[in-house]
>>> print(open('query-v4.txt').read())   # compact mmCIF, C-alpha atoms (C1' of nucleotides)
# COMPACT_ATOMS: atom_id res chain seq x y z
CA MET A 342 25.58 39.39 12.60
CA PRO A 343 23.41 36.39 13.23
CA THR A 344 23.19 33.34 10.98
CA THR A 345 23.97 35.01 7.72
CA ASP A 346 26.37 32.34 6.67
CA PRO A 347 24.45 29.47 5.05
CA ALA A 348 26.64 26.88 6.74
CA ASP A 349 25.89 28.41 10.11
CA ARG A 350 22.20 28.40 9.42
CA LEU A 351 22.37 24.71 8.70
CA ARG A 352 24.30 23.98 11.86
CA ALA A 353 21.95 26.15 13.86
CA ALA A 354 19.11 24.01 12.59
CA GLY A 355 20.95 20.88 13.69
CA LEU A 356 21.74 19.77 10.17
CA ARG A 357 25.02 18.68 8.71
CA VAL A 358 26.72 20.90 6.22
CA THR A 359 27.01 19.27 2.83
CA GLY A 360 27.43 20.38 -0.73
CA PRO A 361 23.93 19.57 -1.89
CA ARG A 362 22.43 21.32 1.11
CA LEU A 363 24.34 24.51 0.57
CA ALA A 364 23.46 24.42 -3.09
CA VAL A 365 19.77 23.90 -2.39
CA LEU A 366 19.87 26.72 0.11
CA SER A 367 21.39 29.09 -2.39
CA VAL A 368 18.88 28.13 -5.04
CA LEU A 369 16.02 28.78 -2.65
CA ALA A 370 17.54 32.11 -1.67
CA ASP A 371 17.47 33.25 -5.28
CA ARG A 372 13.87 32.57 -6.09
CA ALA A 373 10.69 32.96 -4.09
CA HIS A 374 8.82 29.80 -5.01
CA VAL A 375 10.59 26.86 -6.54
CA ASP A 376 9.48 23.39 -7.52
CA VAL A 377 11.60 20.31 -6.99
CA GLU A 378 12.66 19.98 -10.59
CA THR A 379 13.93 23.55 -10.72
CA VAL A 380 15.91 22.99 -7.56
CA ARG A 381 17.30 19.78 -8.92
CA SER A 382 18.49 21.22 -12.19
CA ALA A 383 19.94 24.34 -10.57
CA VAL A 384 21.79 22.26 -8.02
CA TYR A 385 22.89 19.93 -10.77
CA ASP A 386 24.44 22.82 -12.69
CA GLN A 387 26.05 24.21 -9.59
CA LEU A 388 27.61 20.99 -8.38
CA GLY A 389 27.94 19.05 -11.61
CA GLY A 390 25.50 16.39 -10.45
CA VAL A 391 22.90 15.38 -7.87
CA SER A 392 20.34 12.70 -7.59
CA THR A 393 16.67 13.54 -7.49
CA GLN A 394 16.53 11.62 -4.27
CA ALA A 395 19.06 13.84 -2.57
CA VAL A 396 17.02 16.88 -3.49
CA TYR A 397 13.87 15.40 -2.01
CA ASP A 398 15.74 14.38 1.12
CA VAL A 399 17.31 17.78 1.56
CA LEU A 400 14.03 19.56 1.04
CA ARG A 401 12.27 17.28 3.47
CA ALA A 402 14.99 17.82 6.07
CA PHE A 403 14.78 21.59 5.58
CA THR A 404 11.02 21.51 5.88
CA ALA A 405 11.18 19.47 9.06
CA ALA A 406 13.79 21.83 10.48
CA GLY A 407 11.64 24.82 9.64
CA LEU A 408 14.16 26.32 7.22
CA VAL A 409 11.76 26.19 4.32
CA ARG A 410 8.04 25.94 3.93
CA ARG A 411 6.34 23.64 1.53
CA ILE A 412 3.25 24.82 -0.28
CA GLU A 413 1.12 22.79 -2.60
CA PRO A 414 -1.39 24.72 -4.67
CA ALA A 415 -4.08 22.46 -6.10
CA GLY A 416 -3.08 21.08 -9.47
CA SER A 417 0.61 21.83 -9.31
CA PRO A 418 3.64 20.08 -7.87
CA ALA A 419 4.98 21.12 -4.48
CA LEU A 420 6.76 24.45 -4.19
CA PHE A 421 9.27 25.51 -1.58
CA GLU A 422 9.93 28.94 -0.16
CA THR A 423 12.30 30.35 2.40
CA ARG A 424 9.93 32.75 4.08
CA THR A 425 8.93 30.87 7.18
CA GLY A 426 7.41 31.69 10.51
CA ASP A 427 5.59 34.78 9.34
CA ASN A 428 2.41 32.99 8.30
CA HIS A 429 1.96 34.83 5.05
CA HIS A 430 -0.32 33.70 2.25
CA HIS A 431 -0.34 33.22 -1.50
CA VAL A 432 -1.99 34.33 -4.69
CA VAL A 433 -1.99 31.83 -7.51
CA CYS A 434 -2.69 32.76 -11.11
CA ARG A 435 -5.16 30.41 -12.79
CA GLY A 436 -3.60 31.22 -16.12
CA CYS A 437 0.10 30.63 -15.71
CA GLY A 438 0.31 29.18 -12.23
CA ALA A 439 2.53 31.98 -10.97
CA VAL A 440 2.64 32.29 -7.21
CA ALA A 441 3.16 35.49 -5.25
CA ASP A 442 3.31 36.21 -1.55
CA ILE A 443 0.71 38.16 0.33
CA ASP A 444 1.39 39.49 3.77
CA CYS A 445 -1.02 38.25 6.33
CA VAL A 446 -3.75 40.76 6.96
CA VAL A 447 -4.23 39.73 10.53
CA GLY A 448 -0.90 38.93 12.12
CA ALA A 449 -0.34 35.80 14.16
CA ALA A 450 -1.28 32.25 13.25
CA PRO A 451 -3.94 31.06 12.92
CA CYS A 452 -4.82 34.34 11.34
CA LEU A 453 -8.49 33.56 11.13
CA ASP A 454 -10.97 32.34 13.65
CA PRO A 455 -12.96 29.41 12.37
CA SER A 456 -16.23 30.26 14.05
CA ALA A 457 -18.09 27.01 13.75
CA VAL A 458 -15.40 24.34 13.81
CA ALA A 459 -16.43 20.85 14.70
CA PRO A 460 -16.32 20.56 18.47
CA GLY A 461 -12.98 19.44 19.84
CA PHE A 462 -11.07 20.37 16.73
CA LEU A 463 -7.84 22.11 17.60
CA VAL A 464 -6.83 24.46 14.80
CA ASP A 465 -3.22 25.59 14.61
CA GLU A 466 -2.97 27.12 11.18
CA ALA A 467 -5.11 28.86 8.63
CA GLU A 468 -3.80 28.61 5.12
CA VAL A 469 -5.21 31.10 2.68
CA THR A 470 -4.82 30.81 -1.06
CA PHE A 471 -6.16 33.49 -3.34
CA TRP A 472 -7.02 32.47 -6.88
CA GLY A 473 -7.23 34.82 -9.80
CA MET A 474 -5.50 36.14 -12.87
CA CYS A 475 -2.20 37.92 -12.98
CA ALA A 476 -1.90 41.07 -15.05
CA SER A 477 -0.27 39.48 -18.07
CA CYS A 478 -2.67 36.54 -18.22
CA GLN A 479 -5.59 38.96 -18.14
CA THR A 480 -4.18 40.82 -21.10
CA GLU A 481 -3.52 37.65 -23.01
CA ASN A 482 -7.01 36.41 -22.32
CA ARG A 483 -8.63 39.61 -23.42
CA GLU A 484 -6.64 39.68 -26.63
CA ARG A 485 -7.52 36.11 -27.42
CA THR A 486 -11.20 36.71 -26.70
CA THR A 487 -11.32 39.95 -28.63
CA THR A 488 -9.47 38.60 -31.63
CA MET B 1194 -40.46 21.66 -8.29
CA PRO B 1195 -36.96 22.67 -9.18
CA THR B 1196 -34.18 20.23 -9.92
CA THR B 1197 -34.81 17.67 -7.23
CA ASP B 1198 -34.66 14.73 -9.58
CA PRO B 1199 -31.04 13.77 -10.27
CA ALA B 1200 -31.73 13.21 -13.93
CA ASP B 1201 -33.26 16.67 -14.21
CA ARG B 1202 -30.28 18.20 -12.49
CA LEU B 1203 -28.02 16.60 -15.06
CA ARG B 1204 -30.13 17.82 -17.96
CA ALA B 1205 -30.34 21.26 -16.42
CA ALA B 1206 -26.56 21.33 -16.41
CA GLY B 1207 -26.50 20.37 -20.07
CA LEU B 1208 -25.23 16.86 -19.43
CA ARG B 1209 -26.56 13.61 -20.74
CA VAL B 1210 -28.23 11.24 -18.36
CA THR B 1211 -26.35 7.98 -18.00
CA GLY B 1212 -26.00 5.21 -15.46
CA PRO B 1213 -22.53 6.12 -14.25
CA ARG B 1214 -23.49 9.75 -13.87
CA LEU B 1215 -26.55 9.04 -11.79
CA ALA B 1216 -24.55 6.64 -9.67
CA VAL B 1217 -21.76 9.14 -9.08
CA LEU B 1218 -24.34 11.75 -8.19
CA SER B 1219 -25.94 9.51 -5.61
CA VAL B 1220 -22.59 8.58 -4.10
CA LEU B 1221 -21.69 12.23 -3.75
CA ALA B 1222 -25.05 12.97 -2.19
CA ASP B 1223 -24.39 10.43 0.56
CA ARG B 1224 -21.03 11.66 1.75
CA ALA B 1225 -19.60 15.11 2.24
CA HIS B 1226 -16.08 14.66 0.89
CA VAL B 1227 -15.17 11.76 -1.31
CA ASP B 1228 -12.02 10.77 -3.13
CA VAL B 1229 -12.01 9.26 -6.59
CA GLU B 1230 -11.35 5.73 -5.44
CA THR B 1231 -14.27 5.78 -3.02
CA VAL B 1232 -16.54 7.03 -5.78
CA ARG B 1233 -15.27 4.38 -8.14
CA SER B 1234 -15.83 1.47 -5.79
CA ALA B 1235 -19.24 2.70 -4.67
CA VAL B 1236 -20.34 3.17 -8.27
CA TYR B 1237 -18.85 -0.19 -9.12
CA ASP B 1238 -20.97 -1.87 -6.45
CA GLN B 1239 -24.04 0.02 -7.51
CA LEU B 1240 -23.79 -0.72 -11.22
CA GLY B 1241 -21.77 -3.90 -11.23
CA GLY B 1242 -18.87 -2.26 -13.02
CA VAL B 1243 -17.28 1.00 -14.13
CA SER B 1244 -13.94 2.03 -15.46
CA THR B 1245 -11.74 4.40 -13.53
CA GLN B 1246 -11.66 6.55 -16.60
CA ALA B 1247 -15.42 6.99 -16.63
CA VAL B 1248 -15.32 8.14 -13.03
CA TYR B 1249 -12.67 10.72 -13.79
CA ASP B 1250 -14.58 11.90 -16.85
CA VAL B 1251 -17.83 12.17 -14.97
CA LEU B 1252 -16.24 14.04 -12.10
CA ARG B 1253 -14.51 16.40 -14.46
CA ALA B 1254 -17.73 17.04 -16.35
CA PHE B 1255 -19.56 17.68 -13.06
CA THR B 1256 -16.86 20.02 -11.88
CA ALA B 1257 -16.90 21.94 -15.14
CA ALA B 1258 -20.68 22.16 -14.96
CA GLY B 1259 -20.53 23.43 -11.40
CA LEU B 1260 -22.41 20.47 -9.95
CA VAL B 1261 -19.52 19.52 -7.70
CA ARG B 1262 -16.48 21.24 -6.31
CA ARG B 1263 -13.06 19.75 -6.30
CA ILE B 1264 -10.79 20.35 -3.34
CA GLU B 1265 -7.23 19.24 -3.01
CA PRO B 1266 -5.73 19.51 0.45
CA ALA B 1267 -1.93 19.35 0.35
CA GLY B 1268 -0.68 15.81 0.57
CA SER B 1269 -3.90 14.03 -0.24
CA PRO B 1270 -5.67 13.03 -3.42
CA ALA B 1271 -8.47 15.18 -4.76
CA LEU B 1272 -11.80 15.21 -2.96
CA PHE B 1273 -15.19 16.08 -4.35
CA GLU B 1274 -18.14 17.66 -2.61
CA THR B 1275 -21.62 18.70 -3.63
CA ARG B 1276 -21.81 21.94 -1.70
CA THR B 1277 -21.09 24.48 -4.37
CA GLY B 1278 -21.62 28.15 -4.79
CA ASP B 1279 -21.63 28.99 -1.11
CA ASN B 1280 -17.90 29.56 -0.80
CA HIS B 1281 -17.44 27.67 2.44
CA HIS B 1282 -14.09 26.46 3.76
CA HIS B 1283 -12.47 23.37 5.22
CA VAL B 1284 -10.71 22.06 8.29
CA VAL B 1285 -8.28 19.23 7.71
CA CYS B 1286 -6.99 16.99 10.47
CA ARG B 1287 -3.23 16.51 10.34
CA GLY B 1288 -3.62 13.18 12.04
CA CYS B 1289 -6.21 11.27 10.04
CA GLY B 1290 -6.80 13.58 7.09
CA ALA B 1291 -10.47 13.99 7.91
CA VAL B 1292 -12.08 16.98 6.24
CA ALA B 1293 -14.98 18.99 7.60
CA ASP B 1294 -16.83 21.99 6.27
CA ILE B 1295 -16.70 25.42 7.83
CA ASP B 1296 -19.16 28.08 6.94
CA CYS B 1297 -17.58 31.17 5.59
CA VAL B 1298 -17.17 33.77 8.28
CA VAL B 1299 -17.48 36.63 5.90
CA GLY B 1300 -20.09 35.90 3.28
CA ALA B 1301 -19.50 36.44 -0.40
CA ALA B 1302 -16.48 35.39 -2.43
CA PRO B 1303 -13.70 36.32 -2.24
CA CYS B 1304 -14.33 36.33 1.47
CA LEU B 1305 -11.08 38.07 2.26
CA ASP B 1306 -9.47 41.17 0.99
CA PRO B 1307 -5.89 40.57 -0.01
CA SER B 1308 -4.49 43.90 1.04
CA ALA B 1309 -1.21 43.97 -0.82
CA VAL B 1310 -1.77 41.88 -3.91
CA ALA B 1311 0.64 42.34 -6.77
CA PRO B 1312 -0.66 45.21 -8.88
CA GLY B 1313 -3.02 44.15 -11.62
CA PHE B 1314 -3.83 40.82 -10.07
CA LEU B 1315 -7.54 40.10 -10.27
CA VAL B 1316 -8.59 37.86 -7.38
CA ASP B 1317 -11.82 35.93 -7.70
CA GLU B 1318 -11.64 33.44 -4.89
CA ALA B 1319 -10.10 33.05 -1.48
CA GLU B 1320 -9.65 29.49 -0.43
CA VAL B 1321 -9.13 28.95 3.26
CA THR B 1322 -7.92 25.70 4.74
CA PHE B 1323 -7.62 25.28 8.47
CA TRP B 1324 -5.14 22.71 9.73
CA GLY B 1325 -5.26 21.07 13.10
CA MET B 1326 -6.19 17.98 15.03
CA CYS B 1327 -9.60 16.45 15.29
CA ALA B 1328 -10.84 15.37 18.70
CA SER B 1329 -10.05 11.69 18.32
CA CYS B 1330 -6.56 12.25 16.94
CA GLN B 1331 -5.78 14.54 19.88
CA THR B 1332 -6.81 11.81 22.30
CA GLU B 1333 -4.81 9.19 20.50
CA ASN B 1334 -1.78 11.44 20.43
CA ARG B 1335 -1.99 12.23 24.12
CA GLU B 1336 -2.28 8.56 25.01
CA ARG B 1337 0.67 7.61 22.89
CA THR B 1338 2.80 10.41 24.35
CA THR B 1339 1.78 9.70 27.92
CA THR B 1340 2.29 5.98 27.65
C1' DC C 1396 -36.06 5.37 -36.92
C1' DC C 1397 -31.50 7.29 -38.26
C1' DC C 1398 -27.61 10.02 -37.66
C1' DT C 1399 -24.64 12.86 -35.06
C1' DT C 1400 -22.46 13.60 -30.95
C1' DC C 1401 -21.18 12.81 -26.56
C1' DT C 1402 -19.90 8.95 -23.29
C1' DC C 1403 -17.80 4.71 -21.68
C1' DT C 1404 -14.14 0.82 -22.00
C1' DT C 1405 -9.48 -0.85 -22.16
C1' DG C 1406 -4.93 -0.26 -21.81
C1' DA C 1407 -0.78 2.15 -22.07
C1' DC C 1408 1.67 6.05 -20.18
C1' DT C 1409 3.34 10.32 -17.59
C1' DC C 1410 4.67 12.72 -13.57
C1' DA C 1411 5.61 13.57 -8.76
C1' DT C 1412 7.10 11.29 -5.04
C1' DT C 1413 8.72 7.45 -2.18
C1' DC C 1414 11.08 3.10 -0.90
C1' DC C 1415 15.23 0.28 -0.71
C1' DA C 1416 19.74 -1.18 -0.21
C1' DG C 1417 24.50 0.08 -0.13
C1' DA C 1418 28.42 3.35 -0.43
C1' DA C 1419 30.30 7.62 1.18
C1' DA C 1420 30.90 11.45 3.99
C1' DA C 1421 30.35 14.41 8.36
C1' DG C 1422 30.69 14.92 13.41
C1' DC C 1423 31.99 13.52 17.71
C1' DC C 1424 35.26 11.40 20.92
C1' DG C 1425 39.28 10.83 22.93
C1' DC D 895 44.79 13.58 14.24
C1' DG D 896 42.54 8.44 13.50
C1' DG D 897 38.25 5.53 14.67
C1' DC D 898 33.48 4.99 15.09
C1' DT D 899 28.68 6.16 14.76
C1' DT D 900 25.19 8.43 12.43
C1' DT D 901 23.42 10.75 8.73
C1' DT D 902 23.33 11.58 3.92
C1' DC D 903 23.88 10.67 -1.02
C1' DT D 904 23.60 7.43 -5.15
C1' DG D 905 21.16 4.51 -8.37
C1' DG D 906 17.42 2.11 -9.53
C1' DA D 907 12.97 0.26 -8.99
C1' DA D 908 8.22 0.99 -7.49
C1' DT D 909 3.75 3.29 -6.22
C1' DG D 910 -0.23 6.09 -6.81
C1' DA D 911 -2.82 9.78 -8.88
C1' DG D 912 -4.18 11.21 -12.93
C1' DT D 913 -4.12 11.68 -18.18
C1' DC D 914 -4.03 10.38 -23.17
C1' DA D 915 -5.78 7.72 -27.11
C1' DA D 916 -8.78 4.99 -30.16
C1' DG D 917 -12.65 2.66 -30.79
C1' DA D 918 -17.22 0.66 -29.33
C1' DG D 919 -21.53 2.06 -27.60
C1' DA D 920 -25.51 4.78 -26.02
C1' DA D 921 -28.42 9.35 -25.73
C1' DG D 922 -31.09 12.75 -28.13
C1' DG D 923 -32.54 15.69 -31.91
C1' DG D 924 -34.84 15.64 -36.15
>>> encode(input="query-v4.txt", output="structure tokens")
Amino acid sequence: MPTTDPADRLRAAGLRVTGPRLAVLSVLADRAHVDVETVRSAVYDQLGGVSTQAVYDVLRAFTAAGLVRRIEPAGSPALFETRTGDNHHHVVCRGCGAVADIDCVVGAAPCLDPSAVAPGFLVDEAEVTFWGMCASCQTENRERTTT
Amino acid sequence: MPTTDPADRLRAAGLRVTGPRLAVLSVLADRAHVDVETVRSAVYDQLGGVSTQAVYDVLRAFTAAGLVRRIEPAGSPALFETRTGDNHHHVVCRGCGAVADIDCVVGAAPCLDPSAVAPGFLVDEAEVTFWGMCASCQTENRERTTT
DNA sequence: CCCTTCTCTTGACTCATTCCAGAAAAGCCG
DNA sequence: CGGCTTTTCTGGAATGAGTCAAGAGAAGGG
């Protein structure tokens, strides 16, 4: 059974095993897309205390090690997710800011071919963000408009 | 002759014609992608003074009116561009942060079909950002590595 | 020309994120 | 199992983008 143990996953990534790191890892495992403040408070509850700084450091280390991916939808703070390496994309709700995953339609990265890129530009990733309205925000909007 | 005069374009959008607005408009016309600070200083030079606030207000009003589009590549401040309504995309250089336009491969918005969106989600736009290295950053990188 | 309404100015303030020591802990080595 | 090096965590201050608020000032309609 490969790298199921959180501590092993950290070691495999060349990172030291510490309380905060394990806690952050477990928080990320629970939820799909988490912002720093959510991580911080969850870790805080779990360990009885952490500094904001530690959370940022841990998340940066994880991102650099490829354990988590950092996404940053326009107009909202950074979010972190554990699905990495599969180049999937995101839908963001304009109403409530909810983020959901979308499997990549094409496959490997970059999943799109930028036809007319500036000459010499070497593209390694295509990031796709879909914008729209989630079901509940549509309902809410309609009600408010109709009323 | 349709909306060639800046002042007319403002009026057509239902906005009042003022010094700062005309100045911002001309700054945006000169460059493809501008951040707020660049706009502010250019307008400052042109008019002999503006408040940061006015620049933000003007840009927000323009964005709301559809005169400009606001883009926000992860890790950099907001940029504004005058190409609107043609749903084109962007390449961002990881080295220097330079942004260039890419014509949409597909055509109309949303230019991609999110196959497995959460049920009920109404998508209205697909925003594509290509990440990579521009020609000069590649060269610089190679030199630094080789040396 | 007057009045209403929208726009700018100034200045304080929030929020996310980073920088800066120094103290503490984890790993590695023998 | 100790000692040493390296990395990580703590606390606190600082930066930068962007927003809020209240009042002075201009644009436009009548």
>>> residues_near_point(input="query-v4.txt", point="(1.8, 36.3, -14.2)", cutoff="8 Å", atoms="only C-alpha atoms (C1' of nucleotides)", output="VMD selection string")
chain A and resid 434 436 to 439 474 to 478
>>> residues_around(input="query-v4.txt", residues="stretch 907-911 of chain D", least_positions_apart="3", cutoff="9 Å", atoms="only C-alpha atoms (C1' of nucleotides)", output="PDB file with C-alpha atoms (C1' of nucleotides), in the coordinates of the input")
ATOM      1  CA  PRO B1270      -5.670  13.030  -3.420  1.00  0.00           C
ATOM      2  CA  ALA B1271      -8.470  15.180  -4.760  1.00  0.00           C
TER       3      ALA B1271
ATOM      4  C1'  DT C1412       7.100  11.290  -5.040  1.00  0.00           C
ATOM      5  C1'  DT C1413       8.720   7.450  -2.180  1.00  0.00           C
ATOM      6  C1'  DC C1414      11.080   3.100  -0.900  1.00  0.00           C
ATOM      7  C1'  DC C1415      15.230   0.280  -0.710  1.00  0.00           C
TER       8       DC C1415
END
>>> interface_residues(input="query-v4.txt", of="chain A", to="chain D", cutoff="12 Å", atoms="all atoms listed in the file", output="JSON, numbers by chain")
{"A": [355, 356, 357, 358, 359, 360, 361, 362, 390, 391, 392, 393, 394, 395, 396, 397, 398, 399, 402, 416]}
>>> write_last_selection(input="query-v4.txt", atoms="C-alpha atoms", output="CSV table (one decimal), in the coordinates of the input")
chain,number,residue,atom,x,y,z
A,355,GLY,CA,21.0,20.9,13.7
A,356,LEU,CA,21.7,19.8,10.2
A,357,ARG,CA,25.0,18.7,8.7
A,358,VAL,CA,26.7,20.9,6.2
A,359,THR,CA,27.0,19.3,2.8
A,360,GLY,CA,27.4,20.4,-0.7
A,361,PRO,CA,23.9,19.6,-1.9
A,362,ARG,CA,22.4,21.3,1.1
A,390,GLY,CA,25.5,16.4,-10.4
A,391,VAL,CA,22.9,15.4,-7.9
A,392,SER,CA,20.3,12.7,-7.6
A,393,THR,CA,16.7,13.5,-7.5
A,394,GLN,CA,16.5,11.6,-4.3
A,395,ALA,CA,19.1,13.8,-2.6
A,396,VAL,CA,17.0,16.9,-3.5
A,397,TYR,CA,13.9,15.4,-2.0
A,398,ASP,CA,15.7,14.4,1.1
A,399,VAL,CA,17.3,17.8,1.6
A,402,ALA,CA,15.0,17.8,6.1
A,416,GLY,CA,-3.1,21.1,-9.5
>>> atom_distance(input="query-v4.txt", atom1="atom CA of B:Arg1287", atom2="atom CA of A:Arg435")
27.1 Å
>>> atom_distance(input="query-v4.txt", atom1="atom CA of A:Thr470", atom2="atom CA of A:Leu366")
25.1 Å
>>> closest_residue(input="query-v4.txt", among="A:Val384, A:Arg410, A:Ile443, A:Gln479", to="B:Leu1315", atoms="only C-alpha atoms")
A:Gln479
>>> closest_atom_pairs(input="query-v4.txt", of="chain C", to="chain A", cutoff="9 Å", atoms="only C-alpha atoms (C1' of nucleotides)", output="JSON lines")
{"residue": "C:DA1411", "atom": "C1'", "partner": "A:Pro418", "partner_atom": "CA", "distance": 6.9}
{"residue": "C:DT1412", "atom": "C1'", "partner": "A:Tyr397", "partner_atom": "CA", "distance": 8.5}
{"residue": "C:DA1420", "atom": "C1'", "partner": "A:Thr359", "partner_atom": "CA", "distance": 8.8}
{"residue": "C:DA1421", "atom": "C1'", "partner": "A:Arg357", "partner_atom": "CA", "distance": 6.8}
{"residue": "C:DG1422", "atom": "C1'", "partner": "A:Arg357", "partner_atom": "CA", "distance": 8.3}
>>> write_last_selection(input="query-v4.txt", atoms="C-alpha atoms (C1' of nucleotides)", output="mmCIF file, in the frame of the given file")
data_model
loop_
_atom_site.group_PDB
_atom_site.id
_atom_site.type_symbol
_atom_site.label_atom_id
_atom_site.label_comp_id
_atom_site.auth_asym_id
_atom_site.auth_seq_id
_atom_site.Cartn_x
_atom_site.Cartn_y
_atom_site.Cartn_z
ATOM 1 C "C1'" DA C 1411 5.610 13.570 -8.760
ATOM 2 C "C1'" DT C 1412 7.100 11.290 -5.040
ATOM 3 C "C1'" DA C 1420 30.900 11.450 3.990
ATOM 4 C "C1'" DA C 1421 30.350 14.410 8.360
ATOM 5 C "C1'" DG C 1422 30.690 14.920 13.410
#
>>> closest_atom_pairs(input="query-v4.txt", of="chain A", to="chain B", cutoff="10 Å", atoms="all atoms listed in the file", output="Markdown table")
| residue | atom | partner | partner_atom | distance |
| --- | --- | --- | --- | --- |
| A:Arg411 | CA | B:Ala1267 | CA | 9.4 |
| A:Ile412 | CA | B:Ala1267 | CA | 7.6 |
| A:Glu413 | CA | B:Ala1267 | CA | 5.5 |
| A:Pro414 | CA | B:Ala1267 | CA | 7.4 |
| A:Ala415 | CA | B:Glu1265 | CA | 5.5 |
| A:Gly416 | CA | B:Glu1265 | CA | 7.9 |
| A:Pro418 | CA | B:Ala1267 | CA | 10.0 |
| A:Ala419 | CA | B:Ala1267 | CA | 8.6 |
| A:His430 | CA | B:Pro1307 | CA | 9.1 |
| A:His431 | CA | B:Val1310 | CA | 9.1 |
| A:Val432 | CA | B:Val1310 | CA | 7.6 |
| A:Val433 | CA | B:Val1316 | CA | 8.9 |
| A:Cys434 | CA | B:Phe1314 | CA | 8.2 |
| A:Arg435 | CA | B:Val1316 | CA | 9.8 |
| A:Ala441 | CA | B:Ala1311 | CA | 7.5 |
| A:Asp442 | CA | B:Val1310 | CA | 8.0 |
| A:Ile443 | CA | B:Val1310 | CA | 6.2 |
| A:Asp444 | CA | B:Ala1309 | CA | 6.9 |
| A:Cys445 | CA | B:Pro1307 | CA | 8.3 |
| A:Val446 | CA | B:Ser1308 | CA | 6.7 |
| A:Pro451 | CA | B:Phe1323 | CA | 8.2 |
| A:Cys452 | CA | B:Phe1323 | CA | 9.9 |
| A:Leu453 | CA | B:Phe1323 | CA | 8.7 |
| A:Asp454 | CA | B:Val1298 | CA | 8.3 |
| A:Pro455 | CA | B:Ile1295 | CA | 7.1 |
| A:Ser456 | CA | B:Val1298 | CA | 6.8 |
| A:Ala457 | CA | B:Ile1295 | CA | 6.3 |
| A:Val458 | CA | B:Ile1295 | CA | 6.2 |
| A:Ala459 | CA | B:Ala1293 | CA | 7.5 |
| A:Pro460 | CA | B:Ala1328 | CA | 7.6 |
| A:Gly461 | CA | B:Ala1328 | CA | 4.7 |
| A:Phe462 | CA | B:Cys1327 | CA | 4.4 |
| A:Leu463 | CA | B:Met1326 | CA | 5.1 |
| A:Val464 | CA | B:Gly1325 | CA | 4.1 |
| A:Asp465 | CA | B:Gly1325 | CA | 5.2 |
| A:Glu466 | CA | B:Trp1324 | CA | 5.1 |
| A:Ala467 | CA | B:Phe1323 | CA | 4.4 |
| A:Glu468 | CA | B:Thr1322 | CA | 5.1 |
| A:Val469 | CA | B:Val1321 | CA | 4.5 |
| A:Thr470 | CA | B:Glu1320 | CA | 5.0 |
| A:Phe471 | CA | B:Ala1319 | CA | 4.4 |
| A:Trp472 | CA | B:Glu1318 | CA | 5.1 |
| A:Gly473 | CA | B:Val1316 | CA | 4.1 |
| A:Met474 | CA | B:Leu1315 | CA | 5.2 |
| A:Cys475 | CA | B:Phe1314 | CA | 4.4 |
| A:Ala476 | CA | B:Gly1313 | CA | 4.7 |
| A:Ser477 | CA | B:Gly1313 | CA | 8.4 |
| A:Cys478 | CA | B:Phe1314 | CA | 9.3 |
| A:Gln479 | CA | B:Leu1315 | CA | 8.2 |
>>> atom_distance(input="query-v4.txt", atom1="atom C1' of C:DC1403", atom2="atom CA of B:Leu1240")
13.2 Å
>>> residues_around(input="query-v4.txt", residues="stretch 1259-1261 of chain B", least_positions_apart="3", cutoff="10 Å", atoms="all atoms listed in the file", output="PyMOL selection string")
chain B and resi 1202-1203+1206+1218+1221+1252-1256+1264+1273-1278
>>> write_last_selection(input="query-v4.txt", atoms="C-alpha atoms", output="JSON list (two decimals), keeping the file's coordinate frame")
[["chain", "number", "residue", "atom", "x", "y", "z"],
["B", 1202, "ARG", "CA", -30.28, 18.20, -12.49],
["B", 1203, "LEU", "CA", -28.02, 16.60, -15.06],
["B", 1206, "ALA", "CA", -26.56, 21.33, -16.41],
["B", 1218, "LEU", "CA", -24.34, 11.75, -8.19],
["B", 1221, "LEU", "CA", -21.69, 12.23, -3.75],
["B", 1252, "LEU", "CA", -16.24, 14.04, -12.10],
["B", 1253, "ARG", "CA", -14.51, 16.40, -14.46],
["B", 1254, "ALA", "CA", -17.73, 17.04, -16.35],
["B", 1255, "PHE", "CA", -19.56, 17.68, -13.06],
["B", 1256, "THR", "CA", -16.86, 20.02, -11.88],
["B", 1264, "ILE", "CA", -10.79, 20.35, -3.34],
["B", 1273, "PHE", "CA", -15.19, 16.08, -4.35],
["B", 1274, "GLU", "CA", -18.14, 17.66, -2.61],
["B", 1275, "THR", "CA", -21.62, 18.70, -3.63],
["B", 1276, "ARG", "CA", -21.81, 21.94, -1.70],
["B", 1277, "THR", "CA", -21.09, 24.48, -4.37],
["B", 1278, "GLY", "CA", -21.62, 28.15, -4.79]]
